[in-house]
>>> print(open('target_2.pdb').read())   # PDB, C-alpha atoms and all ligand atoms
MODEL        1
ATOM      1  CA  MET E 253      17.483   6.173  -3.347
ATOM      2  CA  GLU E 254      17.057   2.521  -4.288
ATOM      3  CA  ARG E 255      18.840   0.119  -1.985
ATOM      4  CA  GLN E 256      21.679  -1.950  -3.403
ATOM      5  CA  GLY E 257      22.784  -5.345  -2.106
ATOM      6  CA  GLY E 258      23.212  -5.862   1.624
ATOM      7  CA  PRO E 259      21.325  -8.301   3.803
ATOM      8  CA  VAL E 260      17.582  -8.619   3.317
ATOM      9  CA  VAL E 261      15.267  -7.585   6.125
ATOM     10  CA  GLY E 262      11.633  -8.498   5.542
ATOM     11  CA  ARG E 263       8.700  -7.777   7.795
ATOM     12  CA  PHE E 264       5.343  -8.906   9.070
ATOM     13  CA  ALA E 265       3.016  -5.958   9.605
ATOM     14  CA  PRO E 266      -0.336  -7.351  10.750
ATOM     15  CA  SER E 267      -3.127  -5.100  12.001
ATOM     16  CA  PRO E 268      -4.233  -6.736  15.221
ATOM     17  CA  SER E 269      -7.929  -5.911  14.996
ATOM     18  CA  GLY E 270      -9.157  -9.488  15.168
ATOM     19  CA  ARG E 271      -8.075 -13.054  14.511
ATOM     20  CA  MET E 272      -5.821 -13.746  11.531
ATOM     21  CA  HIS E 273      -7.592 -15.015   8.450
ATOM     22  CA  LEU E 274      -6.442 -16.896   5.418
ATOM     23  CA  GLY E 275      -5.462 -13.707   3.570
ATOM     24  CA  ASN E 276      -3.135 -12.635   6.408
ATOM     25  CA  LEU E 277      -1.573 -16.067   6.610
ATOM     26  CA  TRP E 278      -0.959 -16.024   2.870
ATOM     27  CA  SER E 279       0.881 -12.724   2.929
ATOM     28  CA  CYS E 280       2.805 -13.577   6.105
ATOM     29  CA  LEU E 281       3.946 -16.909   4.674
ATOM     30  CA  LEU E 282       5.122 -15.366   1.406
ATOM     31  CA  ALA E 283       6.836 -12.423   3.115
ATOM     32  CA  TRP E 284       8.644 -14.869   5.408
ATOM     33  CA  LEU E 285       9.691 -17.138   2.534
ATOM     34  CA  ALA E 286      10.921 -14.236   0.418
ATOM     35  CA  ALA E 287      13.150 -13.026   3.266
ATOM     36  CA  ARG E 288      14.332 -16.407   4.547
ATOM     37  CA  SER E 289      15.099 -17.774   1.076
ATOM     38  CA  ALA E 290      17.388 -14.767   0.589
ATOM     39  CA  GLY E 291      19.102 -15.631   3.894
ATOM     40  CA  GLY E 292      17.467 -12.568   5.377
ATOM     41  CA  GLN E 293      15.949 -11.529   8.655
ATOM     42  CA  MET E 294      12.317 -11.023   9.471
ATOM     43  CA  VAL E 295      10.974  -8.393  11.843
ATOM     44  CA  LEU E 296       7.501  -8.097  13.331
ATOM     45  CA  ARG E 297       5.525  -4.899  13.702
ATOM     46  CA  LEU E 298       2.059  -4.825  15.192
ATOM     47  CA  GLU E 299       0.117  -2.101  13.436
ATOM     48  CA  ASP E 300      -2.073  -1.223  16.372
ATOM     49  CA  LEU E 301      -2.330   2.523  15.756
ATOM     50  CA  ASP E 302      -6.094   2.663  15.870
ATOM     51  CA  PRO E 303      -6.996   2.526  19.552
ATOM     52  CA  ASP E 304     -10.644   1.792  18.777
ATOM     53  CA  ARG E 305      -9.904  -1.365  16.863
ATOM     54  CA  CYS E 306      -6.786  -2.861  18.387
ATOM     55  CA  ARG E 307      -6.391  -4.830  21.598
ATOM     56  CA  GLN E 308      -3.383  -6.346  23.322
ATOM     57  CA  THR E 309      -5.132  -9.719  23.282
ATOM     58  CA  TYR E 310      -5.280  -9.533  19.480
ATOM     59  CA  CYS E 311      -1.562  -8.768  19.361
ATOM     60  CA  ASP E 312      -0.854 -11.801  21.531
ATOM     61  CA  GLN E 313      -3.122 -13.859  19.346
ATOM     62  CA  VAL E 314      -1.408 -12.765  16.126
ATOM     63  CA  MET E 315       1.984 -13.757  17.555
ATOM     64  CA  ALA E 316       0.625 -17.100  18.760
ATOM     65  CA  ASP E 317      -0.886 -17.714  15.317
ATOM     66  CA  LEU E 318       2.390 -16.955  13.526
ATOM     67  CA  GLU E 319       4.229 -19.284  15.873
ATOM     68  CA  TRP E 320       1.645 -21.985  15.413
ATOM     69  CA  LEU E 321       2.190 -21.815  11.661
ATOM     70  CA  GLY E 322       5.964 -22.045  12.103
ATOM     71  CA  LEU E 323       6.775 -18.468  11.113
ATOM     72  CA  ASP E 324       9.421 -16.926  13.322
ATOM     73  CA  TRP E 325      10.907 -13.455  13.539
ATOM     74  CA  ASP E 326      14.068 -11.772  14.736
ATOM     75  CA  ASN E 327      14.316  -9.029  17.364
ATOM     76  CA  THR E 328      11.641  -7.804  19.710
ATOM     77  CA  PRO E 329       8.218  -7.119  18.190
ATOM     78  CA  VAL E 330       7.473  -3.462  17.618
ATOM     79  CA  TYR E 331       4.128  -1.908  18.569
ATOM     80  CA  GLN E 332       3.111   1.139  16.599
ATOM     81  CA  SER E 333       1.006   2.379  19.499
ATOM     82  CA  ARG E 334       4.251   2.919  21.449
ATOM     83  CA  ARG E 335       6.061   4.869  18.745
ATOM     84  CA  THR E 336       4.022   8.048  18.576
ATOM     85  CA  GLU E 337       7.061  10.224  19.298
ATOM     86  CA  LEU E 338       8.880   8.862  16.234
ATOM     87  CA  TYR E 339       5.921   9.653  14.000
ATOM     88  CA  ALA E 340       5.672  13.107  15.556
ATOM     89  CA  GLN E 341       9.313  13.782  14.680
ATOM     90  CA  ALA E 342       8.822  12.813  11.044
ATOM     91  CA  PHE E 343       5.634  14.853  10.956
ATOM     92  CA  ARG E 344       7.523  17.899  12.262
ATOM     93  CA  GLN E 345      10.254  17.378   9.694
ATOM     94  CA  LEU E 346       7.674  17.609   6.916
ATOM     95  CA  GLU E 347       5.919  20.484   8.646
ATOM     96  CA  GLU E 348       9.145  22.491   8.796
ATOM     97  CA  ARG E 349       9.435  22.118   5.069
ATOM     98  CA  GLY E 350       5.981  23.628   4.663
ATOM     99  CA  LEU E 351       4.462  20.431   3.318
ATOM    100  CA  ILE E 352       1.688  20.037   5.851
ATOM    101  CA  TYR E 353      -1.573  21.924   6.263
ATOM    102  CA  PRO E 354      -4.690  21.557   8.388
ATOM    103  CA  CYS E 355      -7.879  20.311   6.744
ATOM    104  CA  TYR E 356     -11.121  21.308   8.438
ATOM    105  CA  CYS E 357     -13.467  19.546   6.055
ATOM    106  CA  THR E 358     -16.205  17.400   7.431
ATOM    107  CA  ARG E 359     -16.839  14.116   5.707
ATOM    108  CA  ALA E 360     -19.722  15.601   3.748
ATOM    109  CA  GLU E 361     -17.618  18.575   2.630
ATOM    110  CA  ARG E 362     -14.807  16.308   1.643
ATOM    111  CA  LEU E 363     -17.049  14.259  -0.581
ATOM    112  CA  ALA E 364     -18.596  17.345  -2.138
ATOM    113  CA  ALA E 365     -15.200  18.924  -2.816
ATOM    114  CA  SER E 366     -13.506  15.811  -4.120
ATOM    115  CA  ALA E 367     -12.429  15.263  -7.658
ATOM    116  CA  PRO E 368     -13.934  12.359  -9.583
ATOM    117  CA  HIS E 369     -13.340   8.973  -8.094
ATOM    118  CA  ARG E 370     -10.216   7.174  -8.928
ATOM    119  CA  SER E 371     -10.754   3.864 -10.748
ATOM    120  CA  ASP E 372     -10.721   2.054  -7.402
ATOM    121  CA  GLY E 373     -13.451   4.274  -5.992
ATOM    122  CA  VAL E 374     -11.142   6.312  -3.762
ATOM    123  CA  GLN E 375     -12.024   9.996  -3.645
ATOM    124  CA  ILE E 376      -9.255  12.392  -4.462
ATOM    125  CA  TYR E 377      -9.201  15.372  -2.145
ATOM    126  CA  SER E 378      -9.526  18.672  -3.966
ATOM    127  CA  GLY E 379      -6.953  20.575  -1.948
ATOM    128  CA  ARG E 380      -9.678  22.911  -0.711
ATOM    129  CA  CYS E 381      -8.071  23.661   2.667
ATOM    130  CA  ARG E 382      -4.623  24.123   1.143
ATOM    131  CA  ARG E 383      -5.771  27.530  -0.015
ATOM    132  CA  LEU E 384      -7.265  28.813   3.244
ATOM    133  CA  THR E 385      -5.909  32.052   4.631
ATOM    134  CA  ARG E 386      -4.598  32.300   8.163
ATOM    135  CA  GLU E 387      -7.744  34.089   9.281
ATOM    136  CA  GLU E 388      -9.949  31.408   7.806
ATOM    137  CA  ARG E 389      -7.921  28.736   9.585
ATOM    138  CA  GLU E 390      -8.262  30.528  12.895
ATOM    139  CA  GLU E 391     -11.989  30.908  12.420
ATOM    140  CA  LEU E 392     -12.536  27.250  11.512
ATOM    141  CA  GLY E 393     -10.214  26.135  14.291
ATOM    142  CA  LYS E 394     -12.587  27.611  16.883
ATOM    143  CA  THR E 395     -15.097  24.861  16.318
ATOM    144  CA  ARG E 396     -13.265  22.033  14.619
ATOM    145  CA  HIS E 397     -10.197  19.890  15.150
ATOM    146  CA  PRO E 398      -8.403  19.639  11.826
ATOM    147  CA  ALA E 399      -6.911  16.598  10.204
ATOM    148  CA  TRP E 400      -3.433  17.195   8.759
ATOM    149  CA  ARG E 401      -2.664  16.687   5.115
ATOM    150  CA  VAL E 402       0.517  16.667   3.150
ATOM    151  CA  ALA E 403       0.645  18.769   0.001
ATOM    152  CA  VAL E 404       1.811  16.448  -2.757
ATOM    153  CA  PRO E 405       3.727  17.800  -5.739
ATOM    154  CA  ALA E 406       2.800  17.308  -9.395
ATOM    155  CA  GLU E 407       5.481  14.668  -9.542
ATOM    156  CA  GLU E 408       5.466  11.239 -11.103
ATOM    157  CA  ILE E 409       6.629   8.504  -8.800
ATOM    158  CA  THR E 410       7.633   5.186 -10.305
ATOM    159  CA  PHE E 411       8.787   2.071  -8.559
ATOM    160  CA  ARG E 412       9.585  -1.389  -9.841
ATOM    161  CA  ASP E 413       7.569  -4.131  -8.214
ATOM    162  CA  ARG E 414       8.993  -7.673  -8.106
ATOM    163  CA  LEU E 415       5.661  -9.091  -9.267
ATOM    164  CA  GLN E 416       3.609  -6.294 -10.778
ATOM    165  CA  GLY E 417       6.337  -4.599 -12.815
ATOM    166  CA  ASP E 418       6.716  -0.844 -13.072
ATOM    167  CA  TYR E 419       4.003   1.166 -11.389
ATOM    168  CA  THR E 420       3.653   4.931 -11.747
ATOM    169  CA  GLU E 421       1.433   7.565 -10.219
ATOM    170  CA  LEU E 422       1.296  11.272 -10.706
ATOM    171  CA  LEU E 423       0.642  12.093  -7.080
ATOM    172  CA  SER E 424      -1.273  15.318  -7.605
ATOM    173  CA  ARG E 425      -3.643  13.672 -10.093
ATOM    174  CA  ASP E 426      -3.865  10.044  -8.961
ATOM    175  CA  CYS E 427      -3.700  10.459  -5.246
ATOM    176  CA  GLY E 428      -4.127  14.044  -4.073
ATOM    177  CA  ASP E 429      -3.135  15.531  -0.730
ATOM    178  CA  PHE E 430      -3.469  12.736   1.785
ATOM    179  CA  ILE E 431      -3.926  12.650   5.534
ATOM    180  CA  LEU E 432      -0.891  12.165   7.750
ATOM    181  CA  ARG E 433      -2.635  12.756  11.031
ATOM    182  CA  ARG E 434      -6.289  12.291  11.827
ATOM    183  CA  SER E 435      -8.354  14.904  13.600
ATOM    184  CA  ASP E 436      -8.305  12.768  16.764
ATOM    185  CA  GLY E 437      -4.495  13.000  16.759
ATOM    186  CA  VAL E 438      -3.764   9.470  15.530
ATOM    187  CA  TYR E 439      -0.963   9.351  12.940
ATOM    188  CA  ALA E 440      -1.973   7.807   9.656
ATOM    189  CA  TYR E 441      -0.854   4.448   8.382
ATOM    190  CA  GLN E 442       1.015   6.044   5.445
ATOM    191  CA  LEU E 443       3.307   7.992   7.745
ATOM    192  CA  ALA E 444       3.789   5.292  10.356
ATOM    193  CA  VAL E 445       4.613   2.607   7.834
ATOM    194  CA  VAL E 446       7.277   4.736   6.166
ATOM    195  CA  VAL E 447       8.905   5.741   9.447
ATOM    196  CA  ASP E 448       8.829   2.195  10.779
ATOM    197  CA  ASP E 449      10.060   0.448   7.660
ATOM    198  CA  ALA E 450      13.009   2.844   7.605
ATOM    199  CA  LEU E 451      13.848   2.780  11.318
ATOM    200  CA  MET E 452      13.449  -0.991  11.533
ATOM    201  CA  GLY E 453      15.890  -1.396   8.650
ATOM    202  CA  VAL E 454      13.355  -3.098   6.379
ATOM    203  CA  THR E 455      14.761  -3.657   2.889
ATOM    204  CA  GLN E 456      12.017  -5.854   1.435
ATOM    205  CA  VAL E 457       8.261  -5.292   1.632
ATOM    206  CA  VAL E 458       6.074  -8.201   0.569
ATOM    207  CA  ARG E 459       2.362  -7.543   1.019
ATOM    208  CA  GLY E 460      -1.017  -7.755  -0.659
ATOM    209  CA  ARG E 461      -1.674  -6.122  -3.977
ATOM    210  CA  ASP E 462      -4.372  -3.977  -2.358
ATOM    211  CA  LEU E 463      -1.498  -1.799  -1.109
ATOM    212  CA  LEU E 464       0.127  -1.339  -4.513
ATOM    213  CA  ASP E 465      -1.398   2.119  -4.916
ATOM    214  CA  SER E 466      -0.229   3.220  -1.460
ATOM    215  CA  THR E 467       3.346   2.618  -2.507
ATOM    216  CA  PRO E 468       3.970   5.779  -4.596
ATOM    217  CA  ARG E 469       2.847   7.847  -1.596
ATOM    218  CA  GLN E 470       5.192   5.889   0.622
ATOM    219  CA  CYS E 471       8.092   6.238  -1.836
ATOM    220  CA  TRP E 472       7.539   9.963  -1.949
ATOM    221  CA  LEU E 473       7.444  10.242   1.853
ATOM    222  CA  GLN E 474      10.652   8.187   2.032
ATOM    223  CA  GLU E 475      12.335  10.588  -0.348
ATOM    224  CA  SER E 476      11.038  13.605   1.529
ATOM    225  CA  LEU E 477      12.313  12.236   4.824
ATOM    226  CA  GLY E 478      15.668  11.101   3.432
ATOM    227  CA  TYR E 479      15.070   7.357   3.829
ATOM    228  CA  ASP E 480      16.122   4.544   1.509
ATOM    229  CA  ARG E 481      13.469   2.841  -0.558
ATOM    230  CA  PRO E 482      12.942  -0.846   0.190
ATOM    231  CA  GLU E 483      12.200  -3.285  -2.605
ATOM    232  CA  TYR E 484       8.534  -4.151  -3.071
ATOM    233  CA  GLY E 485       6.641  -7.282  -4.068
ATOM    234  CA  HIS E 486       2.858  -7.012  -4.118
ATOM    235  CA  ILE E 487       1.282 -10.423  -4.083
ATOM    236  CA  PRO E 488      -2.129 -11.291  -5.488
ATOM    237  CA  LEU E 489      -5.053 -11.404  -3.100
ATOM    238  CA  LEU E 490      -7.034 -14.405  -2.061
ATOM    239  CA  CYS E 491     -10.685 -13.952  -2.969
ATOM    240  CA  ALA E 492     -13.901 -15.612  -1.896
ATOM    241  CA  GLY E 493     -15.855 -17.659  -4.457
ATOM    242  CA  ASP E 494     -17.764 -14.547  -5.575
ATOM    243  CA  GLY E 495     -14.531 -12.671  -6.374
ATOM    244  CA  ARG E 496     -14.503 -10.437  -3.289
ATOM    245  CA  ARG E 497     -11.232 -10.357  -1.428
ATOM    246  CA  LEU E 498     -11.220 -12.342   1.772
ATOM    247  CA  ALA E 499     -11.808 -10.265   4.825
ATOM    248  CA  LYS E 500     -12.313 -10.652   8.513
ATOM    249  CA  ARG E 501     -16.006 -11.225   8.030
ATOM    250  CA  ASP E 502     -15.413 -14.519   6.218
ATOM    251  CA  ARG E 503     -15.669 -16.516   9.389
ATOM    252  CA  ASP E 504     -14.717 -19.883   7.945
ATOM    253  CA  GLN E 505     -11.439 -18.462   6.770
ATOM    254  CA  GLU E 506     -10.540 -17.235  10.230
ATOM    255  CA  LEU E 507      -7.793 -19.092  11.938
ATOM    256  CA  THR E 508     -10.074 -20.336  14.715
ATOM    257  CA  ALA E 509     -12.215 -22.118  12.145
ATOM    258  CA  LEU E 510      -9.299 -23.167   9.950
ATOM    259  CA  LYS E 511      -7.582 -24.787  12.927
ATOM    260  CA  GLU E 512     -10.542 -27.102  13.340
ATOM    261  CA  ARG E 513     -10.073 -28.407   9.819
ATOM    262  CA  TYR E 514      -6.321 -28.362   9.262
ATOM    263  CA  THR E 515      -3.022 -28.839  10.996
ATOM    264  CA  ALA E 516      -0.496 -26.019  10.599
ATOM    265  CA  GLN E 517       1.457 -28.055   8.071
ATOM    266  CA  GLU E 518      -1.625 -28.859   6.020
ATOM    267  CA  LEU E 519      -2.497 -25.163   5.874
ATOM    268  CA  VAL E 520       1.038 -24.171   4.931
ATOM    269  CA  GLY E 521       1.130 -26.842   2.225
ATOM    270  CA  ARG E 522      -2.179 -25.711   0.753
ATOM    271  CA  LEU E 523      -1.041 -22.082   0.670
ATOM    272  CA  ALA E 524       2.278 -23.098  -0.880
ATOM    273  CA  CYS E 525       0.380 -24.963  -3.581
ATOM    274  CA  LEU E 526      -1.662 -21.827  -4.361
ATOM    275  CA  ALA E 527       1.618 -19.927  -4.537
ATOM    276  CA  GLY E 528       2.957 -22.321  -7.172
ATOM    277  CA  LEU E 529       5.655 -23.676  -4.869
ATOM    278  CA  LEU E 530       4.168 -27.203  -4.669
ATOM    279  CA  ASP E 531       2.360 -29.308  -7.276
ATOM    280  CA  ARG E 532       0.105 -30.916  -4.688
ATOM    281  CA  PRO E 533      -1.083 -29.525  -1.345
ATOM    282  CA  GLU E 534       1.029 -31.820   0.830
ATOM    283  CA  PRO E 535       1.705 -30.953   4.456
ATOM    284  CA  MET E 536       4.879 -28.900   4.828
ATOM    285  CA  THR E 537       6.611 -26.714   7.350
ATOM    286  CA  PRO E 538       7.562 -23.208   6.254
ATOM    287  CA  ARG E 539      11.198 -24.165   6.713
ATOM    288  CA  GLU E 540      10.889 -27.042   4.230
ATOM    289  CA  LEU E 541       9.550 -24.577   1.681
ATOM    290  CA  ILE E 542      12.510 -22.219   1.823
ATOM    291  CA  PRO E 543      14.491 -23.960  -0.945
ATOM    292  CA  LEU E 544      11.354 -24.123  -3.108
ATOM    293  CA  PHE E 545      10.628 -20.400  -3.037
ATOM    294  CA  ALA E 546      11.222 -18.403  -6.224
ATOM    295  CA  TRP E 547       9.631 -15.124  -7.269
ATOM    296  CA  GLU E 548       9.075 -16.446 -10.806
ATOM    297  CA  LYS E 549       6.794 -19.200  -9.515
ATOM    298  CA  LEU E 550       4.357 -16.842  -7.793
ATOM    299  CA  PRO E 551       1.034 -16.052  -9.445
ATOM    300  CA  ARG E 552       0.303 -12.498 -10.598
ATOM    301  CA  GLU E 553      -3.489 -12.631 -10.601
ATOM    302  CA  ASP E 554      -5.832 -12.797  -7.631
ATOM    303  CA  ILE E 555      -6.794 -16.311  -6.598
ATOM    304  CA  ARG E 556     -10.219 -17.674  -5.731
ATOM    305  CA  VAL E 557     -10.314 -19.963  -2.785
ATOM    306  CA  ASP E 558     -13.464 -22.038  -2.715
ATOM    307  CA  ASN E 559     -14.088 -24.995  -0.446
ATOM    308  CA  TRP E 560     -11.499 -24.352   2.200
TER
HETATM  309  N1  LIG Z 601      -1.167  -3.572   8.481
HETATM  310  C1  LIG Z 601      -1.504  -3.745   7.101
HETATM  311  C2  LIG Z 601      -2.478  -4.885   6.938
HETATM  312  O1  LIG Z 601      -2.537  -5.761   7.798
HETATM  313  C3  LIG Z 601      -0.301  -4.023   6.234
HETATM  314  C4  LIG Z 601       0.503  -2.831   5.986
HETATM  315  C5  LIG Z 601       1.715  -3.046   5.109
HETATM  316  O2  LIG Z 601       2.088  -4.200   4.837
HETATM  317  O3  LIG Z 601       2.306  -2.053   4.721
HETATM  318  O4  LIG Z 601      -3.192  -4.894   5.968
HETATM  319 ZN    ZN Z 602     -10.248  20.322   3.820
ENDMDL
END
>>> encode(input="target_2.pdb", output="structure tokens")
Amino acid sequence: MERQGGPVVGRFAPSPSGRMHLGNLWSCLLAWLAARSAGGQMVLRLEDLDPDRCRQTYCDQVMADLEWLGLDWDNTPVYQSRRTELYAQAFRQLEERGLIYPCYCTRAERLAASAPHRSDGVQIYSGRCRRLTREEREELGKTRHPAWRVAVPAEEITFRDRLQGDYTELLSRDCGDFILRRSDGVYAYQLAVVVDDALMGVTQVVRGRDLLDSTPRQCWLQESLGYDRPEYGHIPLLCAGDGRRLAKRDRDQELTALKERYTAQELVGRLACLAGLLDRPEPMTPRELIPLFAWEKLPREDIRVDNW
């Protein structure tokens, strides 16, 4: 069900696996402006599901960085690492409907049994373990911990993106059965994000365009779990001079390095200029930008950021 009217609730959903970089700041600023300009609330969720990569100090750092920029949030921050029971409940709900099966494939087997790559290089799982008999499962289970996949239907999922227009996937062809729980027991991002967006009352998701093709999966999980669908706006990515998207390894675009060159207001102004909200990169607070925000002004294509 598509949401109608009502107050907007946007969200920050950073993965605290290191310092924030320019790409995170860009999506946090735009998500905040989209919500605040609609008179909405903003909630914060720390996506610290992966125990190998996330640290409390990174969570603290992310919150300090958001505050430094002038981006605030409502309510108490939510940590995914503390919500395992909620994900387990949703997982059981899908399991009871017969939608989940164990996958015993090793990485090598998965690659060998995968359908041709999708255009973005992602392998589509063949559904090999969907067809295992009970005996085969028992046998394989003696030596391996399975991952858990959801069996997707041959169903087209379409959603309307505020920036990218209509986007459709036929889940069985374009995505395949995807993992909801890893073999080490950690619940997958796709499940956690759907449960959390729903339970946190999120009505508006503004995030990088790299997640556009996760959205049909998330819409389908929402439907399967009886949740409302938030509205989506997938913003273009910031790319390095060579066209690659900015990532944590671009040290000069990390906040530590950026802070040496810019004040918070200079950074915000420069990002707002890239977003088409300002003609010149003048120093600004996020709050001053609220009246200037409009979806129509935002760029659709990825943006190269040289010389920052
Ligand atoms: N935690 C994800 C990231 O930092 C964002 C997930 C989302 O917005 O749904 O890339
Ligand atoms: Zn398998």
>>> resolve_selection(input="target_2.pdb", expression="the PyMOL selection byres (((chain E and resi 362) around 10) and not hetatm)", output="MDAnalysis selection string")
chainID E and resid 355:361 363:367 375:380
>>> residues_near_point(input="target_2.pdb", point="(5.0, -8.4, 0.3)", cutoff="6 Å", atoms="only C-alpha atoms", output="ChimeraX atom specification")
/E:283,457-459,485-486
>>> residues_around(input="target_2.pdb", residues="Glu518 in chain E", least_positions_apart="6", cutoff="12 Å", atoms="all atoms listed in the file", output="MDAnalysis selection string")
chainID E and resid 321:322 510:512 524:525 532:538 560
>>> resolve_selection(input="target_2.pdb", expression="the PyMOL selection byres (((chain E and resi 351) around 10) and not hetatm)", output="PDB file with C-alpha atoms, in the coordinates of the input")
ATOM      1  CA  PHE E 343       5.634  14.853  10.956  1.00  0.00           C
ATOM      2  CA  ARG E 344       7.523  17.899  12.262  1.00  0.00           C
ATOM      3  CA  GLN E 345      10.254  17.378   9.694  1.00  0.00           C
ATOM      4  CA  LEU E 346       7.674  17.609   6.916  1.00  0.00           C
ATOM      5  CA  GLU E 347       5.919  20.484   8.646  1.00  0.00           C
ATOM      6  CA  GLU E 348       9.145  22.491   8.796  1.00  0.00           C
ATOM      7  CA  ARG E 349       9.435  22.118   5.069  1.00  0.00           C
ATOM      8  CA  GLY E 350       5.981  23.628   4.663  1.00  0.00           C
ATOM      9  CA  ILE E 352       1.688  20.037   5.851  1.00  0.00           C
ATOM     10  CA  TYR E 353      -1.573  21.924   6.263  1.00  0.00           C
ATOM     11  CA  ARG E 401      -2.664  16.687   5.115  1.00  0.00           C
ATOM     12  CA  VAL E 402       0.517  16.667   3.150  1.00  0.00           C
ATOM     13  CA  ALA E 403       0.645  18.769   0.001  1.00  0.00           C
ATOM     14  CA  VAL E 404       1.811  16.448  -2.757  1.00  0.00           C
ATOM     15  CA  PRO E 405       3.727  17.800  -5.739  1.00  0.00           C
ATOM     16  CA  ASP E 429      -3.135  15.531  -0.730  1.00  0.00           C
ATOM     17  CA  SER E 476      11.038  13.605   1.529  1.00  0.00           C
TER      18      SER E 476
END
>>> residues_near_ligand(input="target_2.pdb", ligand="ligand LIG 601 (chain Z)", cutoff="6 Å", atoms="only C-alpha atoms and all ligand atoms", output="ChimeraX atom specification")
/E:265-267,299,459
>>> closest_residue(input="target_2.pdb", among="E:Val314, E:Val445, E:Leu298, E:Leu384", to="ligand ZN 602 (chain Z)", atoms="only C-alpha atoms and all ligand atoms")
E:Leu384
>>> residues_around(input="target_2.pdb", residues="Gln416 in chain E", least_positions_apart="2", cutoff="9 Å", atoms="all atoms listed in the file", output="list in words")
Arg412, Asp413, Arg414, Asp418, Tyr419, Arg461, Leu464, Gly485, His486, Ile487 and Arg552 of chain E
>>> closest_residue(input="target_2.pdb", among="E:Ser435, E:Gln442, E:Thr328, E:Gln505", to="ligand ZN 602 (chain Z)", atoms="all atoms listed in the file")
E:Ser435
>>> closest_residue(input="target_2.pdb", among="E:Ile409, E:Leu281, E:Ala287, E:Leu530", to="Ser424 in chain E", atoms="all atoms listed in the file")
E:Ile409
>>> closest_residue(input="target_2.pdb", among="E:Leu490, E:Ala399, E:Leu282, E:Cys306", to="ligand ZN 602 (chain Z)", atoms="only C-alpha atoms and all ligand atoms")
E:Ala399
>>> resolve_selection(input="target_2.pdb", expression="the PyMOL selection byres (((chain E and resi 334) around 12) and not hetatm)", output="list in words")
Arg297, Leu298, Glu299, Asp300, Leu301, Asp302, Pro303, Pro329, Val330, Tyr331, Gln332, Ser333, Arg335, Thr336, Glu337, Leu338, Tyr339, Ala340, Val438, Tyr439, Ala444 and Asp448 of chain E
>>> residues_around(input="target_2.pdb", residues="Thr410 in chain E", least_positions_apart="4", cutoff="10 Å", atoms="all atoms listed in the file", output="JSON, numbers by chain")
{"E": [418, 419, 420, 421, 422, 467, 468, 471, 472]}
>>> atom_distance(input="target_2.pdb", atom1="CA of Gln293 in chain E", atom2="CA of Val454 in chain E")
9.1 Å
>>> axis_aligned_box(input="target_2.pdb", around="range 488-492 of chain E", padding_each_side="6 Å", output="JSON")
{"center_x": -8.0, "center_y": -13.5, "center_z": -3.7, "size_x": 23.8, "size_y": 16.3, "size_z": 15.6}
>>> atom_distance(input="target_2.pdb", atom1="CA of Trp320 in chain E", atom2="CA of Asn276 in chain E")
13.8 Å
>>> closest_residue(input="target_2.pdb", among="E:Arg389, E:Arg497, E:Arg263, E:Arg382", to="ligand ZN 602 (chain Z)", atoms="all atoms listed in the file")
E:Arg382
>>> closest_residue(input="target_2.pdb", among="E:Phe411, E:Trp284, E:Tyr441, E:Phe430", to="ligand ZN 602 (chain Z)", atoms="only C-alpha atoms and all ligand atoms")
E:Phe430
>>> atom_distance(input="target_2.pdb", atom1="CA of Pro482 in chain E", atom2="CA of Met294 in chain E")
13.8 Å
